[in-house]
$ cat target.pdb   # PDB, C-alpha atoms
ATOM      1  CA  MET A  20      49.132  88.210  88.150
ATOM      2  CA  THR A  21      46.855  90.262  90.325
ATOM      3  CA  ILE A  22      48.097  88.797  93.585
ATOM      4  CA  PRO A  23      49.741  91.569  95.599
ATOM      5  CA  MET A  24      53.158  90.130  96.274
ATOM      6  CA  THR A  25      54.478  93.066  98.224
ATOM      7  CA  GLU A  26      53.878  91.416 101.581
ATOM      8  CA  SER A  27      56.087  88.340 101.323
ATOM      9  CA  VAL A  28      59.414  90.172 101.598
ATOM     10  CA  PRO A  29      59.134  93.588 103.212
ATOM     11  CA  LEU A  30      60.634  96.670 101.590
ATOM     12  CA  GLN A  31      62.797  97.252 104.649
ATOM     13  CA  ALA A  32      64.616  93.954 104.097
ATOM     14  CA  TYR A  33      65.850  95.173 100.716
ATOM     15  CA  LEU A  34      66.844  98.531 102.185
ATOM     16  CA  VAL A  35      68.837  96.920 104.987
ATOM     17  CA  LEU A  36      70.550  94.578 102.543
ATOM     18  CA  ALA A  37      71.494  97.522 100.325
ATOM     19  CA  ALA A  38      72.828  99.368 103.374
ATOM     20  CA  VAL A  39      75.025  96.376 104.286
ATOM     21  CA  LEU A  40      76.394  96.229 100.736
ATOM     22  CA  PHE A  41      77.040  99.980 100.627
ATOM     23  CA  CYS A  42      78.832 100.053 103.982
ATOM     24  CA  THR A  43      80.987  97.071 103.010
ATOM     25  CA  GLY A  44      81.906  98.954  99.854
ATOM     26  CA  VAL A  45      82.781 102.108 101.808
ATOM     27  CA  TRP A  46      85.003 100.150 104.191
ATOM     28  CA  GLY A  47      86.786  98.445 101.314
ATOM     29  CA  LEU A  48      87.206 101.745  99.495
ATOM     30  CA  ILE A  49      88.941 103.290 102.503
ATOM     31  CA  ASN A  50      91.076 100.336 103.537
ATOM     32  CA  SER A  51      92.202  98.637 100.331
ATOM     33  CA  ARG A  52      95.890  98.816  99.525
ATOM     34  CA  ASN A  53      95.390  97.386  96.030
ATOM     35  CA  ALA A  54      94.011  99.839  93.483
ATOM     36  CA  VAL A  55      91.988  97.159  91.667
ATOM     37  CA  ARG A  56      90.214  96.328  94.910
ATOM     38  CA  VAL A  57      89.288  99.996  95.284
ATOM     39  CA  LEU A  58      87.521  99.818  91.919
ATOM     40  CA  MET A  59      85.743  96.635  92.999
ATOM     41  CA  SER A  60      84.558  98.372  96.183
ATOM     42  CA  ILE A  61      83.127 101.190  94.078
ATOM     43  CA  GLU A  62      81.171  98.599  92.087
ATOM     44  CA  LEU A  63      79.829  97.164  95.363
ATOM     45  CA  MET A  64      78.610 100.600  96.424
ATOM     46  CA  LEU A  65      76.931 101.193  93.069
ATOM     47  CA  ASN A  66      75.155  97.847  93.354
ATOM     48  CA  GLY A  67      73.891  98.755  96.804
ATOM     49  CA  VAL A  68      72.403 101.953  95.416
ATOM     50  CA  ASN A  69      70.860 100.004  92.533
ATOM     51  CA  ILE A  70      69.152  97.581  94.920
ATOM     52  CA  ASN A  71      67.638 100.566  96.716
ATOM     53  CA  LEU A  72      66.352 102.046  93.458
ATOM     54  CA  MET A  73      64.869  98.754  92.304
ATOM     55  CA  ALA A  74      63.179  98.086  95.653
ATOM     56  CA  PHE A  75      61.559 101.538  95.682
ATOM     57  CA  SER A  76      60.557 101.099  92.043
ATOM     58  CA  ASN A  77      58.755  97.848  92.797
ATOM     59  CA  TYR A  78      57.144  98.722  96.121
ATOM     60  CA  LEU A  79      56.299 102.414  95.846
ATOM     61  CA  ASP A  80      56.209 103.135  92.106
ATOM     62  CA  GLY A  81      54.817  99.957  90.618
ATOM     63  CA  GLN A  82      53.101 101.534  87.616
ATOM     64  CA  LEU A  83      55.671 104.084  86.403
ATOM     65  CA  ILE A  84      58.796 102.068  87.067
ATOM     66  CA  ARG A  85      61.133 105.037  87.112
ATOM     67  CA  GLY A  86      63.553 103.321  89.478
ATOM     68  CA  GLN A  87      64.318 100.687  86.860
ATOM     69  CA  VAL A  88      65.110 103.364  84.277
ATOM     70  CA  PHE A  89      67.437 105.049  86.753
ATOM     71  CA  THR A  90      69.095 101.714  87.467
ATOM     72  CA  ILE A  91      69.791 101.270  83.767
ATOM     73  CA  PHE A  92      71.425 104.694  83.656
ATOM     74  CA  VAL A  93      73.487 103.871  86.747
ATOM     75  CA  ILE A  94      74.641 100.606  85.137
ATOM     76  CA  THR A  95      75.665 102.547  82.001
ATOM     77  CA  VAL A  96      77.651 105.093  83.992
ATOM     78  CA  ALA A  97      79.216 102.293  86.064
ATOM     79  CA  ALA A  98      80.422 100.537  82.909
ATOM     80  CA  ALA A  99      81.974 103.774  81.625
ATOM     81  CA  GLU A 100      83.519 104.429  85.033
ATOM     82  CA  ALA A 101      85.036 100.952  85.180
ATOM     83  CA  ALA A 102      86.597 101.314  81.727
ATOM     84  CA  VAL A 103      88.120 104.730  82.430
ATOM     85  CA  GLY A 104      89.156 103.743  85.956
ATOM     86  CA  LEU A 105      91.011 100.678  84.776
ATOM     87  CA  ALA A 106      92.678 102.684  81.997
ATOM     88  CA  ILE A 107      93.878 105.200  84.594
ATOM     89  CA  LEU A 108      95.069 102.307  86.737
ATOM     90  CA  LEU A 109      97.089 100.843  83.848
ATOM     91  CA  SER A 110      98.623 104.235  83.145
ATOM     92  CA  LEU A 111      99.522 104.635  86.831
ATOM     93  CA  TYR A 112     101.019 101.173  86.953
ATOM     94  CA  ARG A 113     103.132 101.919  83.927
ATOM     95  CA  ASN A 114     104.497 105.067  85.530
ATOM     96  CA  ARG A 115     104.905 104.009  89.168
ATOM     97  CA  GLU A 116     105.446 100.223  88.859
ATOM     98  CA  THR A 117     103.063  99.528  91.729
ATOM     99  CA  VAL A 118      99.367  99.225  92.556
ATOM    100  CA  ASP A 119      99.827 100.182  96.204
ATOM    101  CA  MET A 120      97.437 103.011  97.031
ATOM    102  CA  GLU A 121      99.794 104.335  99.710
ATOM    103  CA  ARG A 122     102.432 105.090  97.089
ATOM    104  CA  PHE A 123     100.153 107.141  94.838
ATOM    105  CA  ASN A 124     100.886 110.224  96.936
ATOM    106  CA  LEU A 125     101.971 112.807  94.379
ATOM    107  CA  LEU A 126      99.161 115.200  95.317
ATOM    108  CA  ARG A 127      99.528 114.702  99.062
ATOM    109  CA  TRP A 128     100.366 117.800 101.064
TER     110      TRP A 128
ATOM    111  CA  MET B   8      56.451  86.859  88.225
ATOM    112  CA  THR B   9      54.153  84.810  90.365
ATOM    113  CA  ILE B  10      55.995  82.741  92.915
ATOM    114  CA  ALA B  11      54.589  81.539  96.171
ATOM    115  CA  SER B  12      55.334  83.711  99.137
ATOM    116  CA  THR B  13      57.432  81.145 100.994
ATOM    117  CA  THR B  14      59.538  80.406  97.926
ATOM    118  CA  GLN B  15      60.152  84.104  97.539
ATOM    119  CA  GLN B  16      61.293  84.411 101.123
ATOM    120  CA  ILE B  17      63.638  81.437 100.803
ATOM    121  CA  CYS B  18      65.093  82.861  97.570
ATOM    122  CA  PHE B  19      65.577  86.231  99.231
ATOM    123  CA  ALA B  20      67.315  84.666 102.237
ATOM    124  CA  VAL B  21      69.679  82.584 100.091
ATOM    125  CA  LEU B  22      70.477  85.498  97.785
ATOM    126  CA  SER B  23      71.112  87.917 100.620
ATOM    127  CA  VAL B  24      73.418  85.486 102.440
ATOM    128  CA  THR B  25      75.371  84.948  99.198
ATOM    129  CA  LEU B  26      75.461  88.674  98.608
ATOM    130  CA  VAL B  27      76.738  89.651 102.050
ATOM    131  CA  LEU B  28      79.315  86.849 102.257
ATOM    132  CA  GLY B  29      80.505  87.595  98.720
ATOM    133  CA  ALA B  30      80.824  91.299  99.439
ATOM    134  CA  LEU B  31      82.813  90.612 102.617
ATOM    135  CA  GLY B  32      85.023  88.248 100.631
ATOM    136  CA  VAL B  33      85.627  90.882  97.950
ATOM    137  CA  VAL B  34      86.783  93.337 100.575
ATOM    138  CA  LEU B  35      88.657  91.027 102.960
ATOM    139  CA  LEU B  36      90.312  88.214 100.988
ATOM    140  CA  PRO B  37      94.063  88.690 100.525
ATOM    141  CA  ASN B  38      94.132  87.148  97.044
ATOM    142  CA  ILE B  39      92.698  89.607  94.563
ATOM    143  CA  VAL B  40      91.813  86.966  91.966
ATOM    144  CA  TYR B  41      89.451  85.310  94.435
ATOM    145  CA  SER B  42      87.991  88.751  95.127
ATOM    146  CA  ALA B  43      87.304  89.298  91.434
ATOM    147  CA  PHE B  44      85.492  85.985  91.055
ATOM    148  CA  LEU B  45      83.497  86.610  94.234
ATOM    149  CA  LEU B  46      82.556  89.984  92.765
ATOM    150  CA  GLY B  47      81.015  88.073  89.852
ATOM    151  CA  GLY B  48      79.021  86.057  92.390
ATOM    152  CA  VAL B  49      77.836  89.261  94.051
ATOM    153  CA  PHE B  50      76.677  90.628  90.690
ATOM    154  CA  MET B  51      74.781  87.399  89.970
ATOM    155  CA  SER B  52      73.070  87.559  93.377
ATOM    156  CA  VAL B  53      72.033  91.145  92.713
ATOM    157  CA  ALA B  54      70.571  90.003  89.376
ATOM    158  CA  GLY B  55      68.597  87.351  91.288
ATOM    159  CA  LEU B  56      67.257  90.028  93.625
ATOM    160  CA  TYR B  57      66.141  92.035  90.579
ATOM    161  CA  LEU B  58      64.226  88.980  89.349
ATOM    162  CA  LEU B  59      62.506  88.812  92.739
ATOM    163  CA  LEU B  60      61.606  92.488  92.279
ATOM    164  CA  ASN B  61      59.745  91.818  88.993
ATOM    165  CA  ALA B  62      62.480  93.331  86.817
ATOM    166  CA  SER B  63      63.591  90.742  84.308
ATOM    167  CA  PHE B  64      65.050  93.251  81.827
ATOM    168  CA  VAL B  65      67.262  94.955  84.388
ATOM    169  CA  ALA B  66      68.342  91.546  85.705
ATOM    170  CA  ALA B  67      69.437  90.548  82.194
ATOM    171  CA  ALA B  68      71.217  93.870  81.745
ATOM    172  CA  GLN B  69      72.947  93.362  85.092
ATOM    173  CA  VAL B  70      74.220  89.934  84.066
ATOM    174  CA  LEU B  71      75.314  91.094  80.612
ATOM    175  CA  ILE B  72      76.994  94.344  81.626
ATOM    176  CA  TYR B  73      78.329  93.656  85.102
ATOM    177  CA  VAL B  74      79.264  89.993  84.886
ATOM    178  CA  GLY B  75      79.994  89.979  81.170
ATOM    179  CA  ALA B  76      81.798  93.274  80.786
ATOM    180  CA  VAL B  77      82.859  94.925  84.047
ATOM    181  CA  ASN B  78      83.970  91.755  85.815
ATOM    182  CA  VAL B  79      85.918  90.526  82.789
ATOM    183  CA  LEU B  80      87.515  93.972  82.502
ATOM    184  CA  ILE B  81      88.561  93.788  86.155
ATOM    185  CA  LEU B  82      90.022  90.309  85.606
ATOM    186  CA  PHE B  83      92.011  91.620  82.633
ATOM    187  CA  ALA B  84      93.280  94.516  84.733
ATOM    188  CA  ILE B  85      94.376  92.072  87.445
ATOM    189  CA  MET B  86      96.241  90.043  84.831
ATOM    190  CA  LEU B  87      97.962  93.156  83.495
ATOM    191  CA  VAL B  88      99.077  94.550  86.845
ATOM    192  CA  ASN B  89      99.615  91.267  88.669
ATOM    193  CA  LYS B  90     103.077  91.674  90.117
ATOM    194  CA  LYS B  91     103.996  90.101  93.420
ATOM    195  CA  GLU B  92     104.985  92.935  95.666
ATOM    196  CA  THR B  93     105.417  93.093  99.382
ATOM    197  CA  LEU B  94     103.482  96.077 100.609
ATOM    198  CA  ALA B  95     105.455  98.337 102.914
ATOM    199  CA  GLU B  96     104.217  98.500 106.476
ATOM    200  CA  ILE B  97     102.273 101.638 107.278
ATOM    201  CA  PRO B  98     102.292 102.780 110.910
ATOM    202  CA  GLY B  99      98.851 102.945 112.454
ATOM    203  CA  LEU B 100      97.174 100.794 109.826
ATOM    204  CA  ALA B 101      95.269  98.678 112.346
ATOM    205  CA  LEU B 102      94.017 101.784 114.125
ATOM    206  CA  ARG B 103      92.911 103.220 110.792
ATOM    207  CA  ARG B 104      91.009 100.038 109.978
ATOM    208  CA  VAL B 105      89.229 100.032 113.326
ATOM    209  CA  LEU B 106      88.330 103.709 113.036
ATOM    210  CA  SER B 107      86.978 103.389 109.500
ATOM    211  CA  GLY B 108      85.113 100.252 110.539
ATOM    212  CA  ALA B 109      83.477 102.223 113.345
ATOM    213  CA  VAL B 110      82.533 104.968 110.880
ATOM    214  CA  CYS B 111      81.031 102.409 108.488
ATOM    215  CA  ILE B 112      79.062 100.707 111.260
ATOM    216  CA  GLY B 113      77.769 104.127 112.313
ATOM    217  CA  LEU B 114      76.713 104.835 108.735
ATOM    218  CA  PHE B 115      74.991 101.447 108.612
ATOM    219  CA  LEU B 116      73.120 102.097 111.846
ATOM    220  CA  LEU B 117      72.000 105.478 110.499
ATOM    221  CA  LEU B 118      70.715 103.886 107.282
ATOM    222  CA  LEU B 119      69.044 101.126 109.319
ATOM    223  CA  ARG B 120      67.255 103.685 111.467
ATOM    224  CA  VAL B 121      66.068 105.572 108.386
ATOM    225  CA  ALA B 122      64.838 102.372 106.722
ATOM    226  CA  ILE B 123      62.921 101.177 109.773
ATOM    227  CA  THR B 124      61.474 104.357 111.232
ATOM    228  CA  THR B 125      60.340 106.041 108.006
ATOM    229  CA  PRO B 126      56.624 105.498 107.376
ATOM    230  CA  TRP B 127      56.789 104.296 103.762
ATOM    231  CA  ALA B 128      53.630 104.803 101.691
ATOM    232  CA  LEU B 129      52.904 101.074 101.539
ATOM    233  CA  PRO B 130      51.185  99.375  99.829
ATOM    234  CA  GLY B 131      51.954 101.351  96.713
ATOM    235  CA  PRO B 132      50.450 100.832  93.262
ATOM    236  CA  LEU B 133      50.395  97.290  91.927
ATOM    237  CA  PRO B 134      53.651  96.317  90.156
ATOM    238  CA  VAL B 135      53.390  96.016  86.386
ATOM    239  CA  GLY B 136      55.238  92.704  86.401
ATOM    240  CA  GLU B 137      55.986  91.326  82.963
ATOM    241  CA  GLU B 138      55.133  94.594  81.186
ATOM    242  CA  ALA B 139      58.149  96.235  82.785
ATOM    243  CA  THR B 140      60.329  95.892  79.695
ATOM    244  CA  ALA B 141      57.787  97.648  77.480
ATOM    245  CA  ARG B 142      57.343 100.338  80.136
ATOM    246  CA  ILE B 143      61.110 100.921  80.257
ATOM    247  CA  GLY B 144      61.181 101.254  76.463
ATOM    248  CA  GLU B 145      58.408 103.835  76.584
ATOM    249  CA  HIS B 146      60.272 105.784  79.258
ATOM    250  CA  LEU B 147      63.553 105.704  77.363
ATOM    251  CA  PHE B 148      61.999 107.075  74.190
ATOM    252  CA  SER B 149      59.651 109.648  75.712
ATOM    253  CA  ASP B 150      60.450 111.392  78.981
ATOM    254  CA  TYR B 151      63.975 110.041  79.453
ATOM    255  CA  LEU B 152      65.057 110.569  75.843
ATOM    256  CA  LEU B 153      67.665 113.244  76.605
ATOM    257  CA  PRO B 154      69.470 111.217  79.302
ATOM    258  CA  PHE B 155      69.337 108.211  76.997
ATOM    259  CA  GLU B 156      71.083 110.076  74.195
ATOM    260  CA  LEU B 157      73.519 111.659  76.639
ATOM    261  CA  ALA B 158      74.389 108.178  77.874
ATOM    262  CA  SER B 159      75.483 107.222  74.371
ATOM    263  CA  VAL B 160      77.716 110.307  74.213
ATOM    264  CA  LEU B 161      79.086 109.413  77.652
ATOM    265  CA  LEU B 162      79.901 105.893  76.513
ATOM    266  CA  LEU B 163      81.678 107.226  73.429
ATOM    267  CA  MET B 164      83.694 109.626  75.580
ATOM    268  CA  ALA B 165      84.593 106.827  77.997
ATOM    269  CA  MET B 166      85.674 104.586  75.133
ATOM    270  CA  ILE B 167      87.933 107.217  73.552
ATOM    271  CA  GLY B 168      89.253 108.260  76.951
ATOM    272  CA  ALA B 169      90.090 104.690  77.929
ATOM    273  CA  ILE B 170      91.946 104.142  74.650
ATOM    274  CA  VAL B 171      93.913 107.385  74.999
ATOM    275  CA  LEU B 172      94.789 106.702  78.637
ATOM    276  CA  ALA B 173      95.748 103.069  78.353
ATOM    277  CA  ARG B 174      97.712 102.858  75.134
ATOM    278  CA  ARG B 175     101.435 103.367  74.828
ATOM    279  CA  ASP B 176     102.693 106.235  72.701
ATOM    280  CA  VAL B 177     103.295 104.826  69.244
ATOM    281  CA  PHE B 178     104.004 107.976  67.266
ATOM    282  CA  ASN B 179     106.891 107.834  64.813
ATOM    283  CA  SER B 180     107.407 111.558  65.049
ATOM    284  CA  ASP B 181     107.135 113.983  67.900
ATOM    285  CA  VAL B 182     103.630 115.457  67.951
ATOM    286  CA  ILE B 183     104.764 119.015  68.694
ATOM    287  CA  THR B 184     108.073 119.435  66.870
ATOM    288  CA  GLY B 185     107.499 116.960  64.069
ATOM    289  CA  GLU B 186     110.971 115.453  64.437
ATOM    290  CA  PRO B 187     111.310 111.708  63.981
ATOM    291  CA  ALA B 188     111.305 109.945  67.328
ATOM    292  CA  ASP B 189     112.511 106.476  68.170
ATOM    293  CA  GLN B 190     109.976 104.833  70.442
ATOM    294  CA  GLY B 191     112.553 102.609  72.096
ATOM    295  CA  LEU B 192     114.686 105.592  73.042
ATOM    296  CA  ILE B 193     111.706 107.405  74.520
ATOM    297  CA  GLU B 194     110.773 104.432  76.670
ATOM    298  CA  LYS B 195     114.383 103.966  77.784
ATOM    299  CA  ALA B 196     114.590 107.582  78.826
ATOM    300  CA  ARG B 197     111.327 107.325  80.691
ATOM    301  CA  THR B 198     111.868 104.084  82.540
ATOM    302  CA  PRO B 199     115.540 103.589  83.351
ATOM    303  CA  LEU B 200     114.761 101.659  86.529
ATOM    304  CA  LEU B 201     112.733  99.041  84.721
ATOM    305  CA  LEU B 202     115.524  98.306  82.225
ATOM    306  CA  GLU B 203     118.095  97.941  84.984
ATOM    307  CA  LYS B 204     115.877  95.442  86.699
ATOM    308  CA  THR B 205     115.390  93.306  83.598
ATOM    309  CA  ARG B 206     119.125  93.028  82.854
TER     310      ARG B 206
END
$ encode --input "target.pdb" --output "C-alpha cells"
Amino acid sequence: MTIPMTESVPLQAYLVLAAVLFCTGVWGLINSRNAVRVLMSIELMLNGVNINLMAFSNYLDGQLIRGQVFTIFVITVAAAEAAVGLAILLSLYRNRETVDMERFNLLRW
Amino acid sequence: MTIASTTQQICFAVLSVTLVLGALGVVLLPNIVYSAFLLGGVFMSVAGLYLLLNASFVAAAQVLIYVGAVNVLILFAIMLVNKKETLAEIPGLALRRVLSGAVCIGLFLLLLRVAITTPWALPGPLPVGEEATARIGEHLFSDYLLPFELASVLLLMAMIGAIVLARRDVFNSDVITGEPADQGLIEKARTPLLLEKTR
C-alpha cells in the first residue's frame, strides 16, 4: 500500500495517450458525414479530457483527488449531452430525411 | 491497487493500443454499427486505464454510464436513423481531409511538446488508493455540494428536453387555437415527400 507506484508508468505517457485520443476525436468531428459519428467523436474527445484529469489526479493530487470528482461531473454532463444530442438528431432526421452533415445547411451563409 | 511494476506497464501498453486502434476505427470505419461497438471497446479501455490510476469508483461509473447508457443510446439512434443513402459527392473533400488532418497533427504535436517539456511537480503526494471512493463522497457532500446538486438539475433538464425534442406531436387539439386537430392530417401536410415515396 505504501509502495510509490508513480514510477512504473510515467505521467507523460497518459498525457500523450489522451492527446492522441483528443486529436482523433477532433479529426472525426470535422470530417464525419454521418451525424451519429459526430456525436461519437465528441465522446472520444471527452474521454481524452477525462484521462488527463484522472492522470493529474493520481500523480499530482494524490491526497485530495479533485480530478476524480471533476471526471464524475464530466461524465454526468456527457450523458446529458448524448441524450439531448441524439434527440436533436432524431428531430433533424424526421424533418430532413437524412443524416448527412453536408445537408444540414439551413444556417449557412 | 498494488500490482507489480512490469504488470502495470504491460497493462498500460495493451490498453493504450486497444484505445488508439479503437478510436481510429470509430472515426475511419465506413460501417457505423462497427464504429458504435468499437466505441464501447474504447470506453472499456478507458475504464481499465482508470483502474490503473487507482480509481475504482470512476472506472465503475465509466462502465455503467458510458458503456451501459451512452453507447446503448447511440446504438438505438443508429437503429432509428439507419437508412441506406448514397452521400452526394462534395468537391474538395479529399483536400479538406488532408488539411484538417494536418491541423490535428499540429495540435497533437503542440500537446506533446507541452506534456514533455513542462516540469511537472513529480513525485506528488502519495495516492490514497482504495480510500478514493470515500474521499469522493466527502468531496461531493462538502466542497462540491453545489455542483453536485446542479448536476441533478442539469440531468432533469436534459431528460425533459430530450423527451420534448424527440417525441412526435400527439396533441388532439391545437395548442394555440384550441381547435381539434387530426394528427394524420398534420403529418401529411408536413411530409408530403415521404408519403409519395411510400406509395
$ resolve_selection --input "target.pdb" --expression "the ChimeraX specification (/A :<6) & /B" --output "PDB file with C-alpha atoms, keeping the file's coordinate frame"
ATOM      1  CA  SER B  12      55.334  83.711  99.137  1.00  0.00           C
ATOM      2  CA  VAL B  34      86.783  93.337 100.575  1.00  0.00           C
ATOM      3  CA  CYS B 111      81.031 102.409 108.488  1.00  0.00           C
ATOM      4  CA  ALA B 122      64.838 102.372 106.722  1.00  0.00           C
ATOM      5  CA  GLY B 131      51.954 101.351  96.713  1.00  0.00           C
ATOM      6  CA  PRO B 132      50.450 100.832  93.262  1.00  0.00           C
ATOM      7  CA  LEU B 133      50.395  97.290  91.927  1.00  0.00           C
ATOM      8  CA  PRO B 134      53.651  96.317  90.156  1.00  0.00           C
ATOM      9  CA  VAL B 135      53.390  96.016  86.386  1.00  0.00           C
ATOM     10  CA  LEU B 162      79.901 105.893  76.513  1.00  0.00           C
ATOM     11  CA  ALA B 165      84.593 106.827  77.997  1.00  0.00           C
ATOM     12  CA  ALA B 169      90.090 104.690  77.929  1.00  0.00           C
ATOM     13  CA  LEU B 172      94.789 106.702  78.637  1.00  0.00           C
ATOM     14  CA  ALA B 173      95.748 103.069  78.353  1.00  0.00           C
TER      15      ALA B 173
END
$ resolve_selection --input "target.pdb" --expression "the PyMOL selection byres ((chain B and resi 55) around 12)" --output "PyMOL selection string"
(chain A and resi 70) or (chain B and resi 15+18-23+25-26+48-54+56-70)
$ atom_distance --input "target.pdb" --atom1 "atom CA of Pro126 of chain B" --atom2 "atom CA of Leu72 of chain A"
17.3 Å
$ atom_distance --input "target.pdb" --atom1 "atom CA of Arg174 of chain B" --atom2 "atom CA of Asn89 of chain B"
17.9 Å
$ atom_distance --input "target.pdb" --atom1 "atom CA of Gly108 of chain B" --atom2 "atom CA of Thr125 of chain B"
25.6 Å
$ decode --input "target.pdb" --residues "segment 63-79 of chain A" --atoms "N, CA and C atoms" --output "PDB file, in the first residue's frame"
ATOM      1  N   LEU A  63     -15.367  10.700 -27.814  1.00  0.00           N
ATOM      2  CA  LEU A  63     -13.923  10.409 -27.791  1.00  0.00           C
ATOM      3  C   LEU A  63     -13.150  11.572 -27.182  1.00  0.00           C
ATOM      4  N   MET A  64     -13.501  12.795 -27.593  1.00  0.00           N
ATOM      5  CA  MET A  64     -12.788  13.959 -27.065  1.00  0.00           C
ATOM      6  C   MET A  64     -12.988  14.084 -25.563  1.00  0.00           C
ATOM      7  N   LEU A  65     -14.233  13.861 -25.115  1.00  0.00           N
ATOM      8  CA  LEU A  65     -14.498  13.961 -23.674  1.00  0.00           C
ATOM      9  C   LEU A  65     -13.703  12.916 -22.902  1.00  0.00           C
ATOM     10  N   ASN A  66     -13.551  11.714 -23.478  1.00  0.00           N
ATOM     11  CA  ASN A  66     -12.780  10.689 -22.794  1.00  0.00           C
ATOM     12  C   ASN A  66     -11.309  11.048 -22.725  1.00  0.00           C
ATOM     13  N   GLY A  67     -10.791  11.692 -23.779  1.00  0.00           N
ATOM     14  CA  GLY A  67      -9.414  12.147 -23.725  1.00  0.00           C
ATOM     15  C   GLY A  67      -9.183  13.133 -22.591  1.00  0.00           C
ATOM     16  N   VAL A  68     -10.124  14.077 -22.454  1.00  0.00           N
ATOM     17  CA  VAL A  68     -10.019  15.049 -21.362  1.00  0.00           C
ATOM     18  C   VAL A  68     -10.092  14.342 -20.012  1.00  0.00           C
ATOM     19  N   ASN A  69     -10.971  13.339 -19.910  1.00  0.00           N
ATOM     20  CA  ASN A  69     -11.116  12.625 -18.641  1.00  0.00           C
ATOM     21  C   ASN A  69      -9.832  11.889 -18.267  1.00  0.00           C
ATOM     22  N   ILE A  70      -9.166  11.305 -19.259  1.00  0.00           N
ATOM     23  CA  ILE A  70      -7.899  10.617 -18.956  1.00  0.00           C
ATOM     24  C   ILE A  70      -6.887  11.610 -18.397  1.00  0.00           C
ATOM     25  N   ASN A  71      -6.841  12.811 -19.008  1.00  0.00           N
ATOM     26  CA  ASN A  71      -5.950  13.842 -18.481  1.00  0.00           C
ATOM     27  C   ASN A  71      -6.254  14.155 -17.021  1.00  0.00           C
ATOM     28  N   LEU A  72      -7.545  14.381 -16.738  1.00  0.00           N
ATOM     29  CA  LEU A  72      -7.933  14.739 -15.362  1.00  0.00           C
ATOM     30  C   LEU A  72      -7.559  13.641 -14.387  1.00  0.00           C
ATOM     31  N   MET A  73      -7.812  12.390 -14.770  1.00  0.00           N
ATOM     32  CA  MET A  73      -7.533  11.281 -13.859  1.00  0.00           C
ATOM     33  C   MET A  73      -6.039  11.118 -13.638  1.00  0.00           C
ATOM     34  N   ALA A  74      -5.242  11.312 -14.716  1.00  0.00           N
ATOM     35  CA  ALA A  74      -3.790  11.165 -14.564  1.00  0.00           C
ATOM     36  C   ALA A  74      -3.251  12.238 -13.623  1.00  0.00           C
ATOM     37  N   PHE A  75      -3.693  13.489 -13.808  1.00  0.00           N
ATOM     38  CA  PHE A  75      -3.230  14.552 -12.907  1.00  0.00           C
ATOM     39  C   PHE A  75      -3.677  14.288 -11.490  1.00  0.00           C
ATOM     40  N   SER A  76      -4.922  13.769 -11.336  1.00  0.00           N
ATOM     41  CA  SER A  76      -5.441  13.497 -10.001  1.00  0.00           C
ATOM     42  C   SER A  76      -4.590  12.458  -9.283  1.00  0.00           C
ATOM     43  N   ASN A  77      -4.112  11.453 -10.022  1.00  0.00           N
ATOM     44  CA  ASN A  77      -3.349  10.397  -9.369  1.00  0.00           C
ATOM     45  C   ASN A  77      -1.903  10.812  -9.114  1.00  0.00           C
ATOM     46  N   TYR A  78      -1.306  11.541 -10.064  1.00  0.00           N
ATOM     47  CA  TYR A  78       0.130  11.797  -9.953  1.00  0.00           C
ATOM     48  C   TYR A  78       0.455  13.065  -9.175  1.00  0.00           C
ATOM     49  N   LEU A  79      -0.392  14.091  -9.303  1.00  0.00           N
ATOM     50  CA  LEU A  79      -0.047  15.380  -8.707  1.00  0.00           C
ATOM     51  C   LEU A  79      -0.930  15.753  -7.533  1.00  0.00           C
TER      52      LEU A  79
END
